>>> print(open('start-v8.cif').read())   # mmCIF, C-alpha atoms
data_query
#
loop_
_atom_site.label_atom_id
_atom_site.label_comp_id
_atom_site.auth_asym_id
_atom_site.auth_seq_id
_atom_site.Cartn_x
_atom_site.Cartn_y
_atom_site.Cartn_z
CA MET J 466 107.99 194.94 130.48
CA ALA J 467 105.85 194.03 127.49
CA THR J 468 107.33 194.40 124.04
CA PRO J 469 105.54 197.23 122.22
CA SER J 470 103.68 196.35 119.06
CA PRO J 471 105.55 197.14 115.84
CA THR J 472 104.41 200.39 114.25
CA ASN J 473 103.25 200.58 110.67
CA ILE J 474 104.75 203.99 109.95
CA PRO J 475 102.45 206.12 107.80
CA ALA J 476 103.59 208.21 104.87
CA LEU J 477 103.25 211.87 105.73
CA GLY J 478 101.38 214.55 103.82
CA LEU J 479 98.48 212.41 102.62
CA PRO J 480 94.80 212.58 103.60
CA TYR J 481 94.73 208.77 103.71
CA PHE J 482 96.88 206.04 105.25
CA THR J 483 99.60 204.23 103.38
CA PRO J 484 102.82 202.85 104.84
CA ALA J 485 105.91 204.89 104.08
CA ASN J 486 108.16 203.31 101.46
CA ASN J 487 111.45 203.95 99.72
CA PRO J 488 111.61 201.17 97.12
CA GLY J 489 114.45 201.00 94.61
CA ALA J 490 117.15 202.31 96.94
CA ALA J 491 120.19 200.05 97.25
CA THR J 492 120.65 198.78 100.80
CA ASP J 493 124.40 199.41 100.46
CA PRO J 494 124.85 202.08 97.77
CA THR J 495 128.53 202.67 98.59
CA SER J 496 129.54 199.04 98.12
CA SER J 497 132.00 198.43 95.30
CA SER J 498 129.68 195.68 94.09
CA THR J 499 126.77 198.11 93.63
CA PRO J 500 126.70 199.25 89.99
CA ALA J 501 126.39 202.94 89.17
CA LEU J 502 122.81 202.28 88.02
CA PHE J 503 121.84 201.77 91.66
CA ARG J 504 124.03 204.44 93.20
CA PRO J 505 122.50 207.80 94.13
CA LEU J 506 122.77 210.72 91.73
CA SER J 507 122.97 214.22 93.17
CA ILE J 508 121.71 217.13 91.07
CA ARG J 509 122.01 220.39 92.98
CA PRO J 510 120.74 219.48 96.50
CA LEU J 511 118.34 216.88 95.08
CA THR J 512 119.43 213.26 95.36
CA LEU J 513 117.94 210.49 93.24
CA LYS J 514 118.14 207.08 94.94
CA ASN J 515 119.04 205.35 91.68
CA ARG J 516 119.65 206.38 88.08
CA ILE J 517 116.51 204.91 86.54
CA ILE J 518 114.11 207.65 85.49
CA VAL J 519 110.61 207.29 84.07
CA ALA J 520 110.54 209.35 80.88
CA PRO J 521 107.45 211.39 79.95
CA MET J 522 104.76 209.37 78.18
CA CYS J 523 101.61 210.93 76.74
CA MET J 524 98.48 209.19 77.99
CA TYR J 525 95.80 211.19 76.10
CA SER J 526 93.53 210.74 79.10
CA ALA J 527 92.67 214.22 80.41
CA GLU J 528 89.36 216.08 80.09
CA SER J 529 89.08 217.81 76.70
CA ASN J 530 85.93 219.92 77.05
CA PRO J 531 86.95 223.61 77.09
CA SER J 532 83.95 224.47 79.27
CA SER J 533 85.04 222.08 82.03
CA PRO J 534 87.22 223.44 84.85
CA SER J 535 89.02 220.08 84.75
CA ILE J 536 90.28 220.50 81.18
CA GLY J 537 93.88 219.29 80.97
CA ALA J 538 94.04 218.28 84.63
CA LEU J 539 95.71 215.10 85.86
CA THR J 540 93.15 212.71 87.32
CA ASP J 541 92.89 209.60 89.48
CA PHE J 542 94.07 207.67 86.44
CA HIS J 543 97.38 209.55 86.53
CA VAL J 544 97.67 209.10 90.31
CA ALA J 545 97.31 205.35 89.82
CA HIS J 546 99.59 205.17 86.78
CA LEU J 547 102.44 207.39 87.99
CA GLY J 548 102.10 206.53 91.67
CA HIS J 549 102.48 202.84 90.88
CA LEU J 550 105.80 203.47 89.13
CA ALA J 551 107.04 205.24 92.27
CA LEU J 552 105.83 202.31 94.39
CA LYS J 553 107.91 199.98 92.21
CA GLY J 554 111.16 201.88 92.75
CA ALA J 555 111.80 204.46 90.01
CA SER J 556 113.81 207.36 91.39
CA LEU J 557 112.31 210.17 89.32
CA ILE J 558 108.96 209.93 87.57
CA PHE J 559 108.04 212.45 84.91
CA THR J 560 104.46 213.29 84.11
CA GLU J 561 103.53 213.28 80.48
CA ALA J 562 104.31 216.52 78.64
CA LEU J 563 102.22 219.31 80.16
CA ALA J 564 101.16 221.98 77.67
CA VAL J 565 101.82 225.56 78.74
CA THR J 566 98.89 226.89 76.67
CA PRO J 567 95.63 225.28 75.50
CA ASN J 568 96.73 225.31 71.85
CA GLY J 569 100.07 223.79 72.88
CA ARG J 570 98.52 220.37 73.44
CA ILE J 571 99.17 217.56 71.00
CA SER J 572 95.59 216.34 71.39
CA PRO J 573 92.46 217.67 73.08
CA ASN J 574 92.93 214.96 75.73
CA ASP J 575 96.45 216.01 76.66
CA ALA J 576 97.30 217.27 80.13
CA GLY J 577 98.36 220.85 80.69
CA LEU J 578 99.48 223.37 83.25
CA TRP J 579 98.34 226.73 81.92
CA GLN J 580 95.80 227.43 84.67
CA SER J 581 97.28 229.63 87.38
CA GLY J 582 96.41 229.55 91.05
CA GLN J 583 96.22 226.85 93.66
CA ASP J 584 92.46 226.58 93.29
CA SER J 585 92.72 225.38 89.69
CA GLU J 586 92.00 221.77 88.83
CA GLN J 587 95.30 221.50 86.96
CA PHE J 588 97.19 222.53 90.11
CA LYS J 589 95.20 220.19 92.35
CA GLY J 590 95.64 217.23 90.02
CA LEU J 591 99.40 217.75 89.82
CA LYS J 592 99.70 218.14 93.59
CA ARG J 593 97.89 214.83 94.17
CA VAL J 594 100.37 213.11 91.87
CA ALA J 595 103.27 214.77 93.67
CA ASP J 596 101.93 213.68 97.06
CA ILE J 597 101.58 210.00 96.20
CA ILE J 598 105.00 209.86 94.53
CA HIS J 599 106.70 211.54 97.49
CA SER J 600 104.96 209.19 99.92
CA GLN J 601 106.64 206.27 98.15
CA GLY J 602 110.13 207.78 98.26
CA GLY J 603 110.16 209.02 94.67
CA LYS J 604 110.70 212.41 93.06
CA LEU J 605 108.37 214.03 90.54
CA GLY J 606 109.34 215.83 87.36
CA VAL J 607 107.18 217.71 84.87
CA GLN J 608 108.02 218.20 81.23
CA LEU J 609 106.72 221.53 79.95
CA HIS J 610 106.03 221.83 76.26
CA HIS J 611 104.16 223.36 73.34
CA ALA J 612 103.29 221.15 70.36
CA GLY J 613 103.40 223.95 67.79
CA ARG J 614 102.45 222.77 64.29
CA LYS J 615 101.94 219.17 65.51
CA ALA J 616 98.98 220.20 67.70
CA SER J 617 95.26 219.40 67.51
CA THR J 618 95.43 215.71 66.58
CA VAL J 619 93.43 212.91 68.18
CA ALA J 620 94.77 210.17 70.45
CA PRO J 621 96.92 207.74 68.44
CA TRP J 622 94.68 204.73 69.05
CA LEU J 623 91.79 206.67 67.47
CA ALA J 624 93.93 207.36 64.41
CA ALA J 625 94.97 203.70 64.32
CA SER J 626 91.31 202.70 64.25
CA ARG J 627 91.12 204.54 60.91
CA GLY J 628 94.27 202.85 59.63
CA VAL J 629 96.48 205.94 59.87
CA ARG J 630 99.26 207.11 62.18
CA SER J 631 97.82 210.56 62.78
CA LEU J 632 94.42 212.19 62.44
CA LYS J 633 93.43 215.83 62.75
CA ALA J 634 91.19 216.87 65.65
CA ASP J 635 88.51 219.36 64.58
CA GLU J 636 86.07 221.39 66.64
CA SER J 637 83.67 218.43 66.98
CA VAL J 638 86.19 216.75 69.29
CA HIS J 639 87.35 220.02 70.88
CA GLY J 640 90.27 220.61 68.50
CA TRP J 641 91.51 224.06 67.45
CA PRO J 642 92.26 223.90 63.70
CA SER J 643 92.37 227.68 63.28
CA ASP J 644 94.86 228.18 66.13
CA VAL J 645 97.61 225.68 65.32
CA VAL J 646 100.80 227.72 65.33
CA GLY J 647 104.48 227.50 64.46
CA PRO J 648 107.53 229.65 63.80
CA SER J 649 106.41 229.75 60.16
CA GLY J 650 102.96 229.32 58.65
CA GLY J 651 101.17 228.30 55.49
CA GLU J 652 100.66 225.08 53.54
CA ASP J 653 104.39 224.59 53.03
CA ASN J 654 104.75 224.16 56.79
CA VAL J 655 102.18 221.43 57.38
CA TRP J 656 104.15 218.75 59.26
CA ASP J 657 103.80 215.85 56.85
CA GLY J 658 104.26 218.05 53.77
CA LYS J 659 101.05 216.82 52.10
CA GLY J 660 99.23 220.13 52.08
CA GLN J 661 96.05 221.00 53.89
CA GLY J 662 93.69 218.82 51.82
CA SER J 663 95.22 215.37 52.39
CA SER J 664 97.35 216.01 55.46
CA SER J 665 96.94 214.39 58.85
CA PHE J 666 97.97 217.71 60.41
CA TRP J 667 96.53 221.21 60.35
CA MET J 668 98.14 224.09 58.51
CA PRO J 669 99.93 226.28 61.07
CA ARG J 670 99.81 230.03 61.22
CA GLU J 671 102.98 231.99 61.98
CA LEU J 672 103.30 233.31 65.51
CA THR J 673 103.81 237.05 65.79
CA THR J 674 106.87 238.28 67.63
CA SER J 675 104.73 239.32 70.59
CA GLU J 676 103.06 235.90 70.64
CA VAL J 677 106.48 234.23 70.78
CA GLU J 678 107.31 236.40 73.76
CA GLY J 679 104.01 235.28 75.27
CA VAL J 680 105.09 231.65 74.91
CA VAL J 681 108.16 232.44 77.02
CA LYS J 682 105.93 233.88 79.74
CA ALA J 683 103.64 230.84 79.55
CA PHE J 684 106.54 228.46 80.21
CA ALA J 685 107.59 230.53 83.22
CA GLN J 686 104.05 230.65 84.63
CA SER J 687 103.64 226.90 84.28
CA ALA J 688 106.99 226.30 85.97
CA GLU J 689 106.01 228.52 88.86
CA THR J 690 102.73 226.62 89.31
CA ALA J 691 104.64 223.33 89.26
CA VAL J 692 106.89 224.53 92.07
CA TYR J 693 103.91 225.32 94.30
CA ALA J 694 102.43 221.89 93.52
CA GLY J 695 105.52 220.19 94.98
CA VAL J 696 107.33 219.17 91.80
CA ASP J 697 111.04 218.33 92.22
CA VAL J 698 112.38 218.72 88.67
CA ILE J 699 111.38 220.79 85.63
CA GLU J 700 112.21 219.68 82.08
CA ILE J 701 111.87 221.89 79.00
CA HIS J 702 110.77 219.91 75.95
CA ALA J 703 112.75 221.13 72.93
CA ALA J 704 112.69 217.89 70.92
CA HIS J 705 110.57 215.73 68.61
CA GLY J 706 109.44 218.45 66.22
CA TYR J 707 107.41 220.37 68.78
CA LEU J 708 107.44 224.15 68.98
CA ILE J 709 110.89 224.86 70.45
CA HIS J 710 112.48 222.31 68.11
CA GLN J 711 110.63 223.95 65.22
CA PHE J 712 112.33 227.22 66.13
CA LEU J 713 115.75 225.57 66.43
CA SER J 714 115.71 224.00 62.98
CA PRO J 715 116.29 225.92 59.73
CA VAL J 716 113.99 223.37 58.09
CA THR J 717 110.98 224.75 59.98
CA ASN J 718 112.08 228.24 61.03
CA HIS J 719 111.91 230.70 58.14
CA ARG J 720 111.36 233.82 60.23
CA VAL J 721 112.95 237.19 59.54
CA ASP J 722 112.62 238.66 63.06
CA LYS J 723 114.91 238.16 66.06
CA TYR J 724 113.77 234.52 66.35
CA GLY J 725 114.83 233.41 62.87
CA GLY J 726 117.84 233.17 60.60
CA SER J 727 121.14 232.71 62.41
CA PHE J 728 121.94 230.00 64.94
CA GLU J 729 121.81 232.64 67.68
CA ASN J 730 118.36 233.76 66.58
CA ARG J 731 116.96 230.25 66.12
CA THR J 732 118.09 229.28 69.62
CA ARG J 733 116.78 232.51 71.14
CA LEU J 734 113.37 231.11 72.09
CA LEU J 735 114.96 228.16 73.91
CA ARG J 736 117.42 230.40 75.70
CA GLU J 737 114.72 232.86 76.73
CA ILE J 738 112.47 230.08 78.01
CA ALA J 739 115.30 228.49 80.01
CA THR J 740 116.23 231.87 81.49
CA ALA J 741 112.61 232.66 82.38
CA VAL J 742 112.01 229.25 83.96
CA ARG J 743 115.26 229.34 85.91
CA ALA J 744 114.26 232.76 87.29
CA VAL J 745 110.99 231.51 88.83
CA ILE J 746 112.08 228.14 90.23
CA PRO J 747 114.20 227.69 93.37
CA GLU J 748 117.97 227.73 92.99
CA SER J 749 117.90 224.25 94.48
CA MET J 750 115.61 222.81 91.78
CA PRO J 751 117.21 220.91 88.90
CA LEU J 752 116.35 222.02 85.37
CA PHE J 753 116.48 219.45 82.55
CA LEU J 754 116.38 220.03 78.81
CA ARG J 755 115.28 217.47 76.22
CA ILE J 756 116.56 217.95 72.68
CA SER J 757 116.57 216.04 69.44
CA ALA J 758 120.32 215.76 69.00
CA THR J 759 119.74 215.31 65.27
CA GLU J 760 116.75 215.41 62.96
CA TRP J 761 118.23 212.54 60.93
CA LEU J 762 118.11 214.71 57.80
CA GLU J 763 121.85 215.07 57.21
CA GLU J 764 121.70 212.95 54.07
CA ASN J 765 118.72 214.79 52.58
CA ALA J 766 120.42 216.90 49.91
CA PHE J 767 117.24 218.75 48.95
CA LEU J 768 116.39 219.96 52.48
CA ASN J 769 119.99 220.90 53.22
CA SER J 770 120.19 222.89 50.01
CA ALA J 771 116.76 224.51 50.36
CA PHE J 772 117.18 225.59 53.99
CA GLY J 773 120.93 225.90 54.43
CA GLY J 774 121.20 222.88 56.68
CA THR J 775 119.24 221.00 59.31
CA TRP J 776 119.46 220.55 63.07
CA ASP J 777 122.21 217.96 63.52
CA MET J 778 124.89 216.84 65.95
CA THR J 779 127.04 219.84 65.05
CA SER J 780 124.15 222.09 66.05
CA SER J 781 123.63 220.23 69.32
CA THR J 782 127.33 220.37 70.09
CA GLU J 783 127.28 224.13 69.52
CA LEU J 784 124.27 224.42 71.84
CA LEU J 785 126.25 222.83 74.69
CA GLN J 786 128.18 226.05 75.30
CA TYR J 787 125.01 227.84 76.45
CA LEU J 788 123.74 225.23 78.91
CA PRO J 789 125.79 226.05 82.02
CA GLY J 790 124.91 229.74 81.77
CA LEU J 791 121.23 228.89 81.37
CA GLY J 792 121.26 226.77 84.52
CA ILE J 793 120.56 223.50 82.69
CA ASP J 794 121.60 220.61 84.94
CA LEU J 795 120.87 217.62 82.70
CA LEU J 796 120.63 217.25 78.93
CA ASP J 797 118.06 214.60 77.99
CA VAL J 798 119.20 213.36 74.58
CA SER J 799 116.57 212.16 72.13
CA SER J 800 116.31 212.60 68.35
CA GLY J 801 114.10 213.13 65.31
CA GLY J 802 110.46 214.10 64.98
CA ASN J 803 110.67 217.30 62.93
CA HIS J 804 110.25 215.99 59.39
CA PRO J 805 108.65 212.90 57.82
CA GLU J 806 111.72 212.25 55.64
CA GLN J 807 113.99 211.51 58.61
CA LYS J 808 116.18 208.45 58.08
CA LEU J 809 117.07 206.57 61.24
CA ASP J 810 117.69 203.09 62.50
CA SER J 811 115.24 202.89 65.37
CA PHE J 812 116.41 199.44 66.47
CA SER J 813 120.00 200.30 67.35
CA ASN J 814 121.74 202.20 70.12
CA TYR J 815 121.24 205.33 68.04
CA GLN J 816 120.23 207.75 70.80
CA VAL J 817 122.51 206.20 73.41
CA GLU J 818 125.46 206.80 71.08
CA LEU J 819 124.34 210.39 70.53
CA ALA J 820 124.15 210.90 74.29
CA GLY J 821 127.62 209.43 74.69
CA GLN J 822 129.10 211.73 72.08
CA LEU J 823 127.56 214.82 73.65
CA ARG J 824 128.57 213.76 77.16
CA LYS J 825 132.15 213.29 75.98
CA ARG J 826 132.10 216.82 74.52
CA VAL J 827 130.62 218.24 77.73
CA ARG J 828 133.47 216.71 79.74
CA ALA J 829 136.08 217.89 77.22
CA ASN J 830 134.71 221.42 77.66
CA GLY J 831 135.15 221.15 81.42
CA ALA J 832 131.43 221.54 82.04
CA LYS J 833 129.44 219.65 84.67
CA THR J 834 126.18 219.27 82.75
CA LEU J 835 124.80 215.77 83.25
CA VAL J 836 123.51 213.73 80.32
CA GLY J 837 120.59 211.33 80.16
CA ALA J 838 120.14 208.57 77.57
CA VAL J 839 116.72 207.51 76.30
CA GLY J 840 115.38 205.15 73.65
CA PHE J 841 114.85 201.36 73.45
CA ILE J 842 116.44 200.70 76.84
CA THR J 843 114.60 197.54 77.78
CA GLU J 844 117.09 195.34 79.62
CA ALA J 845 118.82 195.73 82.98
CA GLU J 846 122.21 194.83 81.54
CA LYS J 847 121.97 197.52 78.87
CA ALA J 848 120.90 200.15 81.39
CA LYS J 849 123.81 199.17 83.64
CA GLU J 850 126.32 199.31 80.78
CA ILE J 851 125.19 202.80 79.69
CA VAL J 852 125.96 204.41 83.06
CA ASP J 853 128.81 202.17 84.23
CA GLY J 854 131.52 204.31 85.76
CA ALA J 855 129.46 207.51 85.61
CA ASP J 856 130.42 208.44 89.17
CA ALA J 857 134.17 208.04 88.59
CA GLU J 858 136.77 210.46 87.27
CA GLY J 859 137.70 209.92 83.65
CA ASP J 860 134.88 207.45 83.20
CA GLY J 861 133.75 205.91 79.97
CA ALA J 862 130.02 206.10 80.65
CA ARG J 863 127.72 207.26 77.91
CA ALA J 864 125.20 208.81 80.29
CA ASP J 865 124.71 209.72 83.94
CA ALA J 866 121.17 208.32 84.03
CA VAL J 867 118.79 206.37 81.84
CA LEU J 868 115.29 207.53 80.99
CA ILE J 869 112.91 204.68 80.23
CA ALA J 870 109.40 204.99 78.84
CA ARG J 871 107.58 202.13 77.12
CA GLN J 872 109.40 199.43 79.04
CA PHE J 873 107.68 200.74 82.18
CA LEU J 874 104.33 200.23 80.44
CA ARG J 875 105.30 196.63 79.73
CA GLU J 876 107.07 196.06 83.03
CA PRO J 877 106.11 198.46 85.86
CA GLU J 878 108.46 196.58 88.22
CA PHE J 879 111.46 197.13 85.92
CA VAL J 880 113.56 198.56 88.77
CA ILE J 881 112.92 195.59 91.05
CA ASN J 882 113.58 193.10 88.28
CA ALA J 883 116.73 194.95 87.20
CA ALA J 884 118.10 194.81 90.75
CA ARG J 885 117.47 191.09 90.93
CA ARG J 886 119.11 190.45 87.55
CA LEU J 887 122.14 192.49 88.57
CA GLY J 888 122.40 191.01 92.05
CA VAL J 889 121.71 194.27 93.88
CA ASP J 890 119.91 194.28 97.22
CA ILE J 891 117.33 197.08 97.27
CA GLU J 892 114.52 198.21 99.50
CA LEU J 893 111.14 196.84 98.46
CA PRO J 894 107.67 198.31 98.94
CA ASN J 895 106.10 196.93 102.10
CA GLN J 896 102.92 195.92 100.32
CA PHE J 897 104.69 193.97 97.54
CA ALA J 898 107.82 192.60 99.22
CA ARG J 899 106.34 189.15 99.86
CA ALA J 900 106.03 188.67 96.10
CA PHE J 901 109.82 188.97 95.77
CA PRO J 902 111.35 186.35 98.08
CA ALA J 903 115.00 186.59 99.03
CA LYS J 904 117.41 185.11 96.49
#
>>> encode(input="start-v8.cif", output="structure tokens")
Amino acid sequence: MATPSPTNIPALGLPYFTPANNPGAATDPTSSSTPALFRPLSIRPLTLKNRIIVAPMCMYSAESNPSSPSIGALTDFHVAHLGHLALKGASLIFTEALAVTPNGRISPNDAGLWQSGQDSEQFKGLKRVADIIHSQGGKLGVQLHHAGRKASTVAPWLAASRGVRSLKADESVHGWPSDVVGPSGGEDNVWDGKGQGSSSFWMPRELTTSEVEGVVKAFAQSAETAVYAGVDVIEIHAAHGYLIHQFLSPVTNHRVDKYGGSFENRTRLLREIATAVRAVIPESMPLFLRISATEWLEENAFLNSAFGGTWDMTSSTELLQYLPGLGIDLLDVSSGGNHPEQKLDSFSNYQVELAGQLRKRVRANGAKTLVGAVGFITEAEKAKEIVDGADAEGDGARADAVLIARQFLREPEFVINAARRLGVDIELPNQFARAFPAK
């Protein structure tokens, strides 16, 4: 009997042919020689094939025209960009931050997910990204956010062309200068503190209490849309000086209603958003939370005196107690971004150490919340060291997973190269395997 021809198995769920792949998965994940970095990570029923996650990275490449139905929608560019990272073996790929309202975008060219319904261009763009990532064995996450007082600026390369780090976007480039919002308004709350005339940011207006409640509903609606589009993980962005972080910090939250004042009140928006999102996503879906563990303002005597403190590691440690009840599965630990006078050493293990400290506290509290480390993770050996032992009892790991951003822009095949450097046999994408001969 003739030997049948080998079958090039197609990936399912796509309107076009591509071979099915599962790159980045260790061929023997249970081997004692396989480092934790390449062992699966289970979060609720979801299993990541390795612990290397693509962190959200703004691309400033979506349609900005408010009259276009494609405003804020992910495009073929995003399919190519994010799909390629799945093809090269990352376990979980996050989209860039998706704004939950039009005025929640950082720039007019940011992506968003405020349109409801499966006929919307935002839904269709996200679903196409989900489909290509799933076809290559990856999982897709979306980070939902609102930029608050840091909104309506142009893409950073446009600002750089003028010799500045940030530049306001006005109506001529589809900005919204009169609708930049924050927990507190007025010239004193312009992000860079320079006042409206010379600032690179617009003066925010203070959200009303009912508008804050509307933000909670917007996060929930966006999460629900993401679920229907096939997303695997939701992350709430509460870091980097964007709206939720602005509410958390006494430096930027000067409200006198139920969302301002005490720690309980300043964390209320975050807690309400997490509760609302958890209520509309499946019980099986992991929910992540990104925070700035510290604003790096602890040594600023003026700000501490003027506002009764800042958001610091003590604040983040206190926040930990709420996470299990809110259904947060992984704490994504970043830092800074809420004030131009922050003092940090950006070329150290600063955020990795913060993640390690919070993870140690989580374990001491008997909680099961996972912790992710992010920031200047560029080498395989460093990534391995951060999560070493994370799947063992009484481990000394500083995180359960690493989230990597800019290194993937420099090195899309980071996962493949990391496996080779660490001596781990992994599955390779069919189309690229011949470029990586056996060792």
>>> closest_atom_pairs(input="start-v8.cif", of="segment 752-842 of chain J", to="segment 592-613 of chain J", cutoff="10 Å", atoms="all atoms listed in the file", output="Markdown table")
| residue | atom | partner | partner_atom | distance |
| --- | --- | --- | --- | --- |
| J:Leu752 | CA | J:Gly606 | CA | 9.6 |
| J:Phe753 | CA | J:Gln608 | CA | 8.7 |
| J:Leu754 | CA | J:Gln608 | CA | 8.9 |
| J:Arg755 | CA | J:Gln608 | CA | 8.9 |
>>> write_last_selection(input="start-v8.cif", atoms="C-alpha atoms", output="mmCIF file, in the coordinates of the input")
data_model
loop_
_atom_site.group_PDB
_atom_site.id
_atom_site.type_symbol
_atom_site.label_atom_id
_atom_site.label_comp_id
_atom_site.auth_asym_id
_atom_site.auth_seq_id
_atom_site.Cartn_x
_atom_site.Cartn_y
_atom_site.Cartn_z
ATOM 1 C CA LEU J 752 116.350 222.020 85.370
ATOM 2 C CA PHE J 753 116.480 219.450 82.550
ATOM 3 C CA LEU J 754 116.380 220.030 78.810
ATOM 4 C CA ARG J 755 115.280 217.470 76.220
#
>>> resolve_selection(input="start-v8.cif", expression="the PyMOL selection byres ((chain J and resi 493) around 9)", output="JSON, numbers by chain")
{"J": [490, 491, 492, 494, 495, 496, 499, 504, 889, 890, 891]}
>>> closest_residue(input="start-v8.cif", among="J:Leu708, J:Ala576, J:Ile536, J:Ala545", to="Ala616 of chain J", atoms="only C-alpha atoms")
J:Leu708
>>> axis_aligned_box(input="start-v8.cif", around="segment 812-824 of chain J", padding_each_side="4 Å", output="JSON")
{"center_x": 122.8, "center_y": 207.1, "center_z": 71.8, "size_x": 20.7, "size_y": 23.4, "size_z": 18.7}
>>> atom_distance(input="start-v8.cif", atom1="atom CA of Gly569 of chain J", atom2="atom CA of Arg871 of chain J")
23.3 Å
>>> residues_around(input="start-v8.cif", residues="Asn574 of chain J", least_positions_apart="4", cutoff="9 Å", atoms="all atoms listed in the file", output="mmCIF file with C-alpha atoms, in the frame of the given file")
data_model
loop_
_atom_site.group_PDB
_atom_site.id
_atom_site.type_symbol
_atom_site.label_atom_id
_atom_site.label_comp_id
_atom_site.auth_asym_id
_atom_site.auth_seq_id
_atom_site.Cartn_x
_atom_site.Cartn_y
_atom_site.Cartn_z
ATOM 1 C CA MET J 524 98.480 209.190 77.990
ATOM 2 C CA TYR J 525 95.800 211.190 76.100
ATOM 3 C CA SER J 526 93.530 210.740 79.100
ATOM 4 C CA ALA J 527 92.670 214.220 80.410
ATOM 5 C CA GLU J 528 89.360 216.080 80.090
ATOM 6 C CA SER J 529 89.080 217.810 76.700
ATOM 7 C CA ASN J 530 85.930 219.920 77.050
ATOM 8 C CA ILE J 536 90.280 220.500 81.180
ATOM 9 C CA GLY J 537 93.880 219.290 80.970
ATOM 10 C CA ARG J 570 98.520 220.370 73.440
ATOM 11 C CA VAL J 619 93.430 212.910 68.180
ATOM 12 C CA ALA J 620 94.770 210.170 70.450
ATOM 13 C CA HIS J 639 87.350 220.020 70.880
#
>>> resolve_selection(input="start-v8.cif", expression="the PyMOL selection byres ((chain J and resi 760) around 8)", output="PyMOL selection string")
chain J and resi 757-759+761-763+775-777+800-804+807
>>> resolve_selection(input="start-v8.cif", expression="the PyMOL selection byres ((chain J and resi 546) around 12)", output="VMD selection string")
chain J and resid 519 522 to 524 526 539 to 545 547 to 553 558 to 561 594 597 to 598 873 to 874 877
>>> atom_distance(input="start-v8.cif", atom1="atom CA of Gly790 of chain J", atom2="atom CA of Pro648 of chain J")
25.0 Å
>>> atom_distance(input="start-v8.cif", atom1="atom CA of Ser780 of chain J", atom2="atom CA of Ala820 of chain J")
13.9 Å
>>> closest_residue(input="start-v8.cif", among="J:Arg826, J:Gln711, J:Thr472, J:Lys659", to="Val646 of chain J", atoms="all atoms listed in the file")
J:Gln711
>>> closest_residue(input="start-v8.cif", among="J:Asn895, J:Val645, J:Ile793, J:Leu511", to="Asn473 of chain J", atoms="only C-alpha atoms")
J:Asn895
>>> residues_near_point(input="start-v8.cif", point="(123.6, 231.7, 69.5)", cutoff="12 Å", atoms="only C-alpha atoms", output="list of chain:residue names")
J:Leu713, J:Lys723, J:Tyr724, J:Gly725, J:Gly726, J:Ser727, J:Phe728, J:Glu729, J:Asn730, J:Arg731, J:Thr732, J:Arg733, J:Leu734, J:Leu735, J:Arg736, J:Glu737, J:Ser780, J:Ser781, J:Thr782, J:Glu783, J:Leu784, J:Leu785, J:Gln786, J:Tyr787, J:Leu788
>>> closest_residue(input="start-v8.cif", among="J:Gln587, J:Thr566, J:Asn882, J:Thr618", to="Ala694 of chain J", atoms="only C-alpha atoms")
J:Gln587
